[in-house]
file input_13.csv (CSV, C-alpha atoms)
chain,number,residue,atom,x,y,z
M,1,MET,CA,-15.5,34.2,6.9
M,2,VAL,CA,-15.6,30.6,8.1
M,3,LYS,CA,-11.9,30.5,8.8
M,4,SER,CA,-12.1,33.5,11.1
M,5,THR,CA,-15.1,32.1,12.9
M,6,THR,CA,-13.0,29.0,13.8
M,7,LYS,CA,-10.1,31.2,14.9
M,8,ARG,CA,-12.3,33.3,17.0
M,9,SER,CA,-13.9,30.5,18.9
M,10,GLU,CA,-10.6,28.6,19.4
M,11,LEU,CA,-8.8,31.5,21.0
M,12,VAL,CA,-9.2,32.5,24.6
M,13,SER,CA,-9.4,36.2,25.0
M,14,PRO,CA,-7.8,38.0,28.0
M,15,ILE,CA,-10.8,40.2,27.9
M,16,SER,CA,-14.2,38.7,28.6
M,17,VAL,CA,-16.2,38.5,25.4
M,18,GLU,CA,-19.5,36.8,24.7
M,19,SER,CA,-20.2,34.3,22.0
M,20,PRO,CA,-18.0,35.0,19.0
M,21,SER,CA,-20.8,34.1,16.6
M,22,LEU,CA,-20.6,35.9,13.3
M,23,SER,CA,-24.4,35.9,12.9
M,24,ILE,CA,-24.4,38.9,15.3
M,25,SER,CA,-26.6,37.2,17.7
M,26,LEU,CA,-24.9,39.0,20.6
M,27,ASP,CA,-27.6,40.8,22.4
M,28,ASP,CA,-25.7,43.9,23.1
M,29,MET,CA,-24.8,44.5,19.5
M,30,THR,CA,-28.3,43.7,18.2
M,31,ARG,CA,-29.7,45.9,20.9
M,32,GLU,CA,-27.6,48.9,19.8
M,33,ILE,CA,-28.8,48.4,16.2
M,34,PHE,CA,-32.4,48.1,17.3
M,35,LEU,CA,-32.1,51.3,19.2
M,36,GLU,CA,-31.5,53.1,15.9
M,37,LEU,CA,-34.5,51.6,14.2
M,38,PRO,CA,-38.0,53.1,14.0
M,39,MET,CA,-40.7,51.3,16.0
M,40,ARG,CA,-42.4,50.3,12.8
M,41,SER,CA,-39.3,48.2,11.7
M,42,LEU,CA,-39.1,46.8,15.2
M,43,LEU,CA,-42.7,45.6,15.1
M,44,GLN,CA,-41.9,43.9,11.9
M,45,PHE,CA,-38.7,42.4,13.0
M,46,ARG,CA,-40.3,40.6,15.9
M,47,SER,CA,-41.2,37.9,13.4
M,48,ILE,CA,-37.5,37.3,12.5
M,49,CYS,CA,-36.8,34.9,15.3
M,50,LYS,CA,-37.9,34.3,18.9
M,51,SER,CA,-34.8,35.9,20.5
M,52,TRP,CA,-35.4,39.1,18.6
M,53,LYS,CA,-39.0,39.1,19.7
M,54,THR,CA,-38.0,38.7,23.3
M,55,LEU,CA,-35.5,41.6,23.0
M,56,ILE,CA,-37.9,43.9,21.2
M,57,SER,CA,-40.7,43.2,23.6
M,58,ASN,CA,-38.6,43.8,26.7
M,59,ALA,CA,-40.0,46.8,28.6
M,60,GLN,CA,-36.6,48.2,29.5
M,61,PHE,CA,-35.6,48.0,25.8
M,62,ALA,CA,-38.8,49.9,24.9
M,63,LYS,CA,-38.0,52.7,27.4
M,64,ASP,CA,-34.4,52.9,26.1
M,65,HIS,CA,-35.6,53.0,22.6
M,66,LEU,CA,-38.0,55.9,23.4
M,67,HIS,CA,-35.1,57.7,25.1
M,68,THR,CA,-32.8,57.2,22.2
M,69,SER,CA,-35.3,58.2,19.6
M,70,THR,CA,-36.5,61.3,21.4
M,71,ALA,CA,-32.9,62.4,21.9
M,72,ASN,CA,-32.4,62.2,18.1
M,73,PRO,CA,-34.2,65.0,16.4
M,74,ASN,CA,-33.7,63.3,13.0
M,75,MET,CA,-35.9,60.4,14.2
M,76,ALA,CA,-38.5,62.4,15.9
M,77,HIS,CA,-40.9,62.6,13.0
M,78,LEU,CA,-40.7,58.8,12.5
M,79,GLN,CA,-41.5,58.1,16.1
M,80,LEU,CA,-44.9,59.6,16.6
M,81,VAL,CA,-46.3,56.3,17.4
M,82,PRO,CA,-47.7,55.5,20.8
M,83,PHE,CA,-47.5,51.9,21.8
M,84,LEU,CA,-48.7,49.6,24.5
M,85,ILE,CA,-46.7,46.8,25.9
M,86,GLY,CA,-48.1,43.7,27.5
M,87,PRO,CA,-46.6,40.4,28.7
M,88,ASP,CA,-45.6,39.3,25.3
M,89,THR,CA,-46.8,41.8,22.8
M,90,ILE,CA,-46.4,45.4,21.7
M,91,LYS,CA,-49.2,47.2,19.9
M,92,SER,CA,-48.7,50.5,18.3
M,93,TYR,CA,-51.6,52.8,17.6
M,94,SER,CA,-51.9,55.4,15.1
M,95,VAL,CA,-52.0,58.8,16.7
M,96,HIS,CA,-54.9,59.8,14.6
M,97,ILE,CA,-57.1,56.9,15.8
M,98,LEU,CA,-56.2,57.6,19.4
M,99,LEU,CA,-57.0,61.3,19.2
M,100,GLN,CA,-60.3,60.6,17.7
M,101,ASN,CA,-61.1,57.8,20.0
M,102,PRO,CA,-59.3,58.3,23.3
M,103,THR,CA,-60.8,55.3,25.0
M,104,THR,CA,-59.0,52.8,22.7
M,105,PRO,CA,-56.2,52.0,25.1
M,106,THR,CA,-58.7,51.1,27.9
M,107,LYS,CA,-59.9,48.2,25.8
M,108,HIS,CA,-56.5,46.7,26.5
M,109,SER,CA,-56.3,47.4,30.2
M,110,ARG,CA,-54.1,44.4,30.7
M,111,PHE,CA,-51.4,46.2,28.8
M,112,GLU,CA,-49.2,48.7,30.5
M,113,MET,CA,-49.2,51.8,28.5
M,114,ILE,CA,-45.6,52.7,28.6
M,115,CYS,CA,-45.1,55.4,26.2
M,116,TRP,CA,-46.5,58.3,24.3
M,117,VAL,CA,-44.1,60.0,22.0
M,118,SER,CA,-44.8,63.6,22.3
M,119,TYR,CA,-42.9,66.7,21.4
M,120,SER,CA,-43.2,70.3,22.3
M,121,SER,CA,-44.2,71.1,18.8
M,122,SER,CA,-46.6,68.2,18.6
M,123,PRO,CA,-50.4,68.6,19.2
M,124,LEU,CA,-50.2,65.6,21.4
M,125,LYS,CA,-48.5,67.7,24.1
M,126,HIS,CA,-51.9,68.9,25.4
M,127,SER,CA,-53.7,65.7,24.7
M,128,SER,CA,-55.7,64.4,27.6
M,129,ILE,CA,-55.2,60.8,26.6
U,130,MET,CA,35.8,87.4,2.0
U,131,ALA,CA,34.8,84.1,0.3
U,132,GLU,CA,35.0,82.2,3.6
U,133,GLU,CA,32.8,84.7,5.3
U,134,THR,CA,30.1,84.4,2.6
U,135,GLU,CA,30.2,80.7,3.0
U,136,SER,CA,29.8,80.7,6.7
U,137,THR,CA,26.8,83.0,6.6
U,138,LYS,CA,25.3,80.8,4.0
U,139,THR,CA,25.7,77.6,6.0
U,140,GLU,CA,24.3,79.0,9.2
U,141,PRO,CA,20.6,79.1,8.2
U,142,LEU,CA,21.1,75.6,6.6
U,143,LYS,CA,22.3,74.3,9.9
U,144,THR,CA,19.4,75.8,11.8
U,145,ALA,CA,17.0,74.2,9.4
U,146,GLU,CA,18.7,70.9,9.8
U,147,GLU,CA,18.5,71.2,13.6
U,148,GLU,CA,14.9,72.0,13.4
U,149,PHE,CA,14.3,69.0,11.3
U,150,LYS,CA,16.2,66.8,13.7
U,151,LYS,CA,14.1,68.3,16.6
U,152,LEU,CA,11.0,67.4,14.7
U,153,GLU,CA,12.2,63.9,14.1
U,154,ILE,CA,12.9,63.5,17.8
U,155,THR,CA,9.5,64.8,18.7
U,156,GLU,CA,7.9,62.2,16.4
U,157,GLU,CA,10.0,59.5,17.8
U,158,GLU,CA,9.1,60.6,21.3
U,159,GLU,CA,5.4,60.0,20.7
U,160,SER,CA,4.9,56.8,22.4
U,161,GLU,CA,3.6,53.8,20.5
U,162,LEU,CA,2.1,50.6,21.6
U,163,LYS,CA,2.7,47.2,20.0
U,164,LEU,CA,-0.6,45.4,19.1
U,165,GLU,CA,-0.8,41.9,17.8
U,166,THR,CA,-3.8,40.7,15.8
U,167,SER,CA,-5.4,37.3,15.7
U,168,ASP,CA,-3.4,36.4,12.6
U,169,HIS,CA,-0.2,37.3,14.4
U,170,VAL,CA,0.6,40.5,12.7
U,171,THR,CA,2.1,43.2,14.9
U,172,PHE,CA,1.3,46.9,14.5
U,173,MET,CA,3.1,49.8,16.1
U,174,VAL,CA,0.2,52.2,16.9
U,175,GLU,CA,0.3,55.7,18.3
U,176,ALA,CA,-0.5,55.5,21.9
U,177,SER,CA,-3.0,58.4,21.5
U,178,ILE,CA,-5.0,56.1,19.2
U,179,ALA,CA,-4.4,52.8,20.8
U,180,MET,CA,-5.6,54.2,24.1
U,181,LYS,CA,-9.0,54.9,22.6
U,182,PHE,CA,-9.5,51.2,22.4
U,183,GLY,CA,-11.2,50.0,25.6
U,184,ALA,CA,-9.6,46.6,25.2
U,185,VAL,CA,-6.1,48.1,25.2
U,186,GLN,CA,-6.9,50.2,28.2
U,187,GLN,CA,-8.2,47.2,30.0
U,188,TYR,CA,-5.2,45.1,29.1
U,189,LEU,CA,-2.8,47.8,30.4
U,190,GLU,CA,-4.7,48.1,33.6
U,191,VAL,CA,-4.0,44.4,34.2
U,192,SER,CA,-0.4,44.4,32.9
U,193,PRO,CA,0.9,48.0,33.0
U,194,ALA,CA,4.4,46.8,32.0
U,195,ALA,CA,3.2,46.1,28.5
U,196,SER,CA,3.1,49.8,27.7
U,197,ALA,CA,6.9,50.3,28.2
U,198,SER,CA,8.2,46.9,27.2
U,199,ALA,CA,8.4,45.3,23.8
U,200,THR,CA,5.5,42.9,24.6
U,201,ALA,CA,2.8,43.0,22.1
U,202,ILE,CA,-0.8,43.5,23.4
U,203,PRO,CA,-2.8,40.6,21.9
U,204,LEU,CA,-6.0,41.4,20.2
U,205,HIS,CA,-7.4,37.9,19.9
U,206,ASN,CA,-10.6,38.7,18.1
U,207,VAL,CA,-9.4,41.2,15.6
U,208,ALA,CA,-7.7,40.2,12.4
U,209,SER,CA,-5.1,42.5,10.7
U,210,ARG,CA,-7.5,43.4,7.9
U,211,GLU,CA,-10.0,44.8,10.5
U,212,LEU,CA,-7.3,46.5,12.5
U,213,ILE,CA,-6.1,48.3,9.4
U,214,LEU,CA,-9.6,49.6,8.8
U,215,ILE,CA,-10.1,50.6,12.4
U,216,LEU,CA,-6.8,52.5,12.4
U,217,GLU,CA,-7.7,54.2,9.2
U,218,TYR,CA,-11.0,55.3,10.7
U,219,TYR,CA,-9.4,56.6,13.9
U,220,ARG,CA,-6.5,58.3,12.3
U,221,MET,CA,-8.9,60.2,10.1
U,222,HIS,CA,-11.2,61.1,13.0
U,223,ASP,CA,-8.3,62.0,15.2
U,224,TRP,CA,-6.8,64.3,12.5
U,225,VAL,CA,-7.1,67.8,13.8
U,226,ASP,CA,-7.4,69.4,10.4
U,227,ALA,CA,-10.3,67.2,9.3
U,228,GLY,CA,-13.4,69.3,8.9
U,229,GLU,CA,-16.9,68.1,9.4
U,230,ARG,CA,-17.4,67.8,5.7
U,231,ASP,CA,-14.1,65.8,5.2
U,232,LEU,CA,-15.3,63.4,7.9
U,233,LYS,CA,-18.7,62.9,6.4
U,234,GLU,CA,-17.1,62.2,3.0
U,235,PHE,CA,-14.6,59.9,4.6
U,236,ASP,CA,-17.3,58.0,6.5
U,237,GLU,CA,-19.4,57.6,3.3
U,238,ARG,CA,-16.4,56.2,1.3
U,239,PHE,CA,-15.4,54.0,4.2
U,240,LEU,CA,-18.8,52.5,4.3
U,241,LYS,CA,-19.1,52.1,0.6
U,242,ASP,CA,-15.9,50.1,0.4
U,243,LEU,CA,-17.2,47.5,2.8
U,244,ASN,CA,-19.4,44.6,1.8
U,245,TYR,CA,-22.0,43.3,4.3
U,246,GLU,CA,-19.7,40.5,5.6
U,247,GLU,CA,-16.9,43.0,6.2
U,248,LEU,CA,-19.3,45.3,7.9
U,249,LYS,CA,-20.4,42.6,10.3
U,250,GLU,CA,-16.8,41.5,10.9
U,251,LEU,CA,-15.8,45.1,11.6
U,252,LEU,CA,-18.8,45.5,14.0
U,253,LEU,CA,-17.6,42.4,15.9
U,254,ALA,CA,-14.1,43.8,16.0
U,255,ALA,CA,-15.3,47.2,17.2
U,256,ASN,CA,-17.4,45.5,19.9
U,257,TYR,CA,-14.4,43.4,21.0
U,258,LEU,CA,-12.0,46.3,21.0
U,259,ASN,CA,-14.6,48.5,22.7
U,260,VAL,CA,-14.2,51.5,20.4
U,261,GLU,CA,-17.2,53.5,21.0
U,262,LYS,CA,-17.2,56.0,18.1
U,263,LEU,CA,-16.7,53.4,15.4
U,264,PHE,CA,-19.1,51.0,17.1
U,265,ASN,CA,-21.8,53.6,17.1
U,266,PHE,CA,-21.1,54.5,13.5
U,267,LEU,CA,-21.4,50.9,12.4
U,268,THR,CA,-24.6,50.1,14.4
U,269,LYS,CA,-26.2,53.3,12.9
U,270,SER,CA,-25.0,52.2,9.4
U,271,ILE,CA,-26.4,48.7,9.8
U,272,ALA,CA,-29.7,50.1,11.1
U,273,ASN,CA,-29.9,52.2,8.0
U,274,ILE,CA,-29.3,49.2,5.8
U,275,ILE,CA,-32.0,47.1,7.3
U,276,ARG,CA,-34.5,49.9,8.2
U,277,ASN,CA,-36.9,49.4,5.3
U,278,LYS,CA,-36.0,45.8,4.4
U,279,ASP,CA,-38.3,42.8,4.6
U,280,VAL,CA,-37.9,40.1,7.2
U,281,GLU,CA,-36.2,37.7,4.8
U,282,PHE,CA,-33.5,40.2,3.9
U,283,VAL,CA,-32.8,40.8,7.5
U,284,ARG,CA,-32.7,37.1,8.3
U,285,THR,CA,-30.1,36.6,5.5
U,286,PHE,CA,-28.2,39.7,6.5
U,287,PHE,CA,-27.7,38.4,10.0
U,288,GLY,CA,-27.6,34.7,9.2
U,289,ILE,CA,-30.6,34.0,11.4
U,290,ASP,CA,-32.8,30.9,11.1
U,291,ASN,CA,-36.5,31.3,11.4
U,292,ASP,CA,-37.5,29.4,14.5
U,293,TYR,CA,-41.2,30.2,14.3
U,294,THR,CA,-43.7,27.6,13.3
U,295,PRO,CA,-45.8,28.6,10.2
U,296,GLU,CA,-48.8,29.0,12.6
U,297,GLU,CA,-46.9,31.4,14.8
U,298,GLU,CA,-45.9,33.5,11.8
U,299,ALA,CA,-49.5,33.5,10.6
U,300,ALA,CA,-50.6,34.8,14.0
U,301,TYR,CA,-48.2,37.6,13.7
U,302,ARG,CA,-49.4,38.6,10.3
U,303,GLU,CA,-53.0,38.7,11.5
U,304,GLU,CA,-52.1,40.7,14.7
U,305,ASN,CA,-50.2,43.3,12.8
U,306,ALA,CA,-52.3,43.5,9.6
U,307,TRP,CA,-54.2,46.5,11.0
U,308,ALA,CA,-51.0,48.5,11.4
U,309,GLY,CA,-49.9,47.9,7.9
U,310,VAL,CA,-46.8,46.2,9.1
U,311,LYS,CA,-45.7,43.9,6.3
U,312,PHE,CA,-44.5,40.4,6.9
U,313,VAL,CA,-42.8,38.5,4.2
call {"tool": "encode", "arguments": {"input": "input_13.csv", "output": "structure tokens"}}
result
Amino acid sequence: MVKSTTKRSELVSPISVESPSLSISLDDMTREIFLELPMRSLLQFRSICKSWKTLISNAQFAKDHLHTSTANPNMAHLQLVPFLIGPDTIKSYSVHILLQNPTTPTKHSRFEMICWVSYSSSPLKHSSI
Amino acid sequence: MAEETESTKTEPLKTAEEEFKKLEITEEEESELKLETSDHVTFMVEASIAMKFGAVQQYLEVSPAASASATAIPLHNVASRELILILEYYRMHDWVDAGERDLKEFDERFLKDLNYEELKELLLAANYLNVEKLFNFLTKSIANIIRNKDVEFVRTFFGIDNDYTPEEEAAYREENAWAGVKFV
């Protein structure tokens, strides 16, 4: 493990590669893993370190995550979580609470509501929220 | 009479031999590329598989002569141990006769044989080589491992240091308590 780390960092690659760190801090790899995770795990993993928080809170990442999870039918049932994203925070809301109390998001008007996960078979499809 | 019988007997044999030779030639004709790993081990790899590696394609774009010459294509960030695994994966997935079930079983066994360190090494190698199918398989597998794990497990898994102050962590706990998101 340690040996190969040294080897990696000493060698110059003909192909551009980012940091050879074995802690998998490379954003692109971490990002790909995050895209496979349910929002609930991501909310939790923001507290792992600051760079993860930045990546998870990124608006483009949130959009890509939504796109990936809606494209994957296996994850659909896990993703019925609307969330709001603000300058440095993401809040997820339970669908149930929002349906019963559609004004909840307006309390956080400084947040941009970026996604509602809704499927054709979901009752949310016709929701007026 | 005896001679005749002999000649008729040897004919089909000859044909079979020729067929075999033809087959051998065909196999030889399948082009191979020489790849050299970071620990200086060279591999002769079927071009059909090696060309699935983005890093090899990129190298050949810059130095096209390497495909025909005896020059080895250097894979600086891949050790022989990882290349063996990558080749095993691609040979299986490239095998035309492999059914969906075979592949699923293969993938499960492939994953089971790897410990966490090897899994991470392989992900780095797959990322470096730019091998999409294996990379996607590994990211999905790692996501499955950490999906329901607590924060401390994930920190250890990735070798990440906690750079939050205790106050910041406490703030997170409070903020997310309503959602039932657990912080450890």
call {"tool": "atom_distance", "arguments": {"input": "input_13.csv", "atom1": "atom CA of Ser196 of chain U", "atom2": "atom CA of Glu175 of chain U"}}
result
11.4 Å
call {"tool": "atom_distance", "arguments": {"input": "input_13.csv", "atom1": "atom CA of Ile213 of chain U", "atom2": "atom CA of Phe266 of chain U"}}
result
16.7 Å
call {"tool": "atom_distance", "arguments": {"input": "input_13.csv", "atom1": "atom CA of Arg40 of chain M", "atom2": "atom CA of Phe287 of chain U"}}
result
19.1 Å
call {"tool": "closest_atom_pairs", "arguments": {"input": "input_13.csv", "of": "chain U", "to": "chain M", "cutoff": "8 Å", "atoms": "all atoms listed in the file", "output": "tab-separated table"}}
result
residue	atom	partner	partner_atom	distance
U:Ser167	CA	M:Lys7	CA	7.7
U:Ala184	CA	M:Ile15	CA	7.0
U:Gln187	CA	M:Ile15	CA	7.8
U:Tyr188	CA	M:Ile15	CA	7.5
U:Leu204	CA	M:Ser13	CA	7.9
U:His205	CA	M:Ser13	CA	5.7
U:Asn206	CA	M:Arg8	CA	5.8
U:Glu246	CA	M:Met1	CA	7.7
U:Lys249	CA	M:Leu22	CA	7.3
U:Glu250	CA	M:Leu22	CA	7.2
U:Leu253	CA	M:Leu22	CA	7.6
U:Asn256	CA	M:Met29	CA	7.5
U:Tyr257	CA	M:Val17	CA	6.8
U:Asn265	CA	M:Glu32	CA	7.9
U:Thr268	CA	M:Ile33	CA	4.9
U:Lys269	CA	M:Glu36	CA	6.1
U:Ile271	CA	M:Ile33	CA	6.8
U:Ala272	CA	M:Ile33	CA	5.5
U:Asn273	CA	M:Leu37	CA	7.7
U:Arg276	CA	M:Ser41	CA	6.2
U:Asn277	CA	M:Ser41	CA	6.9
U:Val280	CA	M:Ile48	CA	6.0
U:Glu281	CA	M:Ile48	CA	7.8
U:Val283	CA	M:Ile48	CA	7.7
U:Arg284	CA	M:Ile48	CA	6.4
U:Phe287	CA	M:Ser23	CA	5.1
U:Gly288	CA	M:Ser23	CA	5.0
U:Ile289	CA	M:Ser23	CA	6.7
U:Asp290	CA	M:Cys49	CA	7.0
U:Asn291	CA	M:Cys49	CA	5.3
U:Asp292	CA	M:Cys49	CA	5.6
U:Tyr293	CA	M:Cys49	CA	6.5
U:Glu298	CA	M:Ser47	CA	6.6
U:Tyr301	CA	M:Ser47	CA	7.0
U:Ala308	CA	M:Ser92	CA	7.5
U:Val310	CA	M:Gln44	CA	6.1
U:Lys311	CA	M:Gln44	CA	6.8
U:Phe312	CA	M:Gln44	CA	6.6
call {"tool": "residues_around", "arguments": {"input": "input_13.csv", "residues": "segment 220-230 of chain U", "least_positions_apart": "2", "cutoff": "10 Å", "atoms": "only C-alpha atoms", "output": "list in words"}}
result
Glu175, Ser177, Ile178, Leu214, Ile215, Leu216, Glu217, Tyr218, Leu232, Lys233, Glu234, Phe235, Asp236, Lys262 and Leu263 of chain U
call {"tool": "residues_around", "arguments": {"input": "input_13.csv", "residues": "Val260 of chain U", "least_positions_apart": "3", "cutoff": "8 Å", "atoms": "all atoms listed in the file", "output": "list in words"}}
result
Lys181, Phe182, Gly183, Ala255, Asn256, Leu263 and Phe264 of chain U
call {"tool": "decode", "arguments": {"input": "input_13.csv", "residues": "segment 37-48 of chain M", "atoms": "N, CA, C and O atoms", "output": "PDB file, in the first residue's frame"}}
result
ATOM      1  N   LEU M  37     -25.252   6.964  -4.404  1.00  0.00           N
ATOM      2  CA  LEU M  37     -25.770   6.893  -3.045  1.00  0.00           C
ATOM      3  C   LEU M  37     -27.121   7.586  -2.908  1.00  0.00           C
ATOM      4  O   LEU M  37     -27.380   8.575  -3.588  1.00  0.00           O
ATOM      5  N   PRO M  38     -27.972   7.085  -2.007  1.00  0.00           N
ATOM      6  CA  PRO M  38     -29.239   7.775  -1.771  1.00  0.00           C
ATOM      7  C   PRO M  38     -28.981   9.112  -1.057  1.00  0.00           C
ATOM      8  O   PRO M  38     -27.972   9.272  -0.359  1.00  0.00           O
ATOM      9  N   MET M  39     -29.901  10.028  -1.230  1.00  0.00           N
ATOM     10  CA  MET M  39     -29.757  11.361  -0.635  1.00  0.00           C
ATOM     11  C   MET M  39     -29.538  11.291   0.866  1.00  0.00           C
ATOM     12  O   MET M  39     -28.776  12.068   1.437  1.00  0.00           O
ATOM     13  N   ARG M  40     -30.191  10.336   1.497  1.00  0.00           N
ATOM     14  CA  ARG M  40     -30.069  10.221   2.951  1.00  0.00           C
ATOM     15  C   ARG M  40     -28.610   9.993   3.385  1.00  0.00           C
ATOM     16  O   ARG M  40     -28.129  10.630   4.314  1.00  0.00           O
ATOM     17  N   SER M  41     -27.932   9.103   2.667  1.00  0.00           N
ATOM     18  CA  SER M  41     -26.510   8.859   2.975  1.00  0.00           C
ATOM     19  C   SER M  41     -25.696  10.119   2.722  1.00  0.00           C
ATOM     20  O   SER M  41     -24.797  10.456   3.485  1.00  0.00           O
ATOM     21  N   LEU M  42     -26.032  10.818   1.633  1.00  0.00           N
ATOM     22  CA  LEU M  42     -25.260  12.014   1.285  1.00  0.00           C
ATOM     23  C   LEU M  42     -25.403  13.092   2.350  1.00  0.00           C
ATOM     24  O   LEU M  42     -24.436  13.754   2.701  1.00  0.00           O
ATOM     25  N   LEU M  43     -26.624  13.242   2.851  1.00  0.00           N
ATOM     26  CA  LEU M  43     -26.838  14.226   3.912  1.00  0.00           C
ATOM     27  C   LEU M  43     -25.955  13.898   5.107  1.00  0.00           C
ATOM     28  O   LEU M  43     -25.346  14.772   5.716  1.00  0.00           O
ATOM     29  N   GLN M  44     -25.901  12.620   5.404  1.00  0.00           N
ATOM     30  CA  GLN M  44     -25.095  12.173   6.536  1.00  0.00           C
ATOM     31  C   GLN M  44     -23.597  12.371   6.262  1.00  0.00           C
ATOM     32  O   GLN M  44     -22.856  12.812   7.131  1.00  0.00           O
ATOM     33  N   PHE M  45     -23.173  12.090   5.044  1.00  0.00           N
ATOM     34  CA  PHE M  45     -21.750  12.113   4.734  1.00  0.00           C
ATOM     35  C   PHE M  45     -21.184  13.531   4.579  1.00  0.00           C
ATOM     36  O   PHE M  45     -19.971  13.715   4.461  1.00  0.00           O
ATOM     37  N   ARG M  46     -22.040  14.529   4.621  1.00  0.00           N
ATOM     38  CA  ARG M  46     -21.521  15.898   4.607  1.00  0.00           C
ATOM     39  C   ARG M  46     -20.657  16.160   5.834  1.00  0.00           C
ATOM     40  O   ARG M  46     -19.792  17.022   5.819  1.00  0.00           O
ATOM     41  N   SER M  47     -20.921  15.409   6.893  1.00  0.00           N
ATOM     42  CA  SER M  47     -20.165  15.672   8.113  1.00  0.00           C
ATOM     43  C   SER M  47     -18.847  14.899   8.165  1.00  0.00           C
ATOM     44  O   SER M  47     -18.152  14.913   9.165  1.00  0.00           O
ATOM     45  N   ILE M  48     -18.492  14.206   7.076  1.00  0.00           N
ATOM     46  CA  ILE M  48     -17.230  13.454   7.062  1.00  0.00           C
ATOM     47  C   ILE M  48     -16.027  14.400   6.990  1.00  0.00           C
ATOM     48  O   ILE M  48     -15.092  14.280   7.767  1.00  0.00           O
TER      49      ILE M  48
END
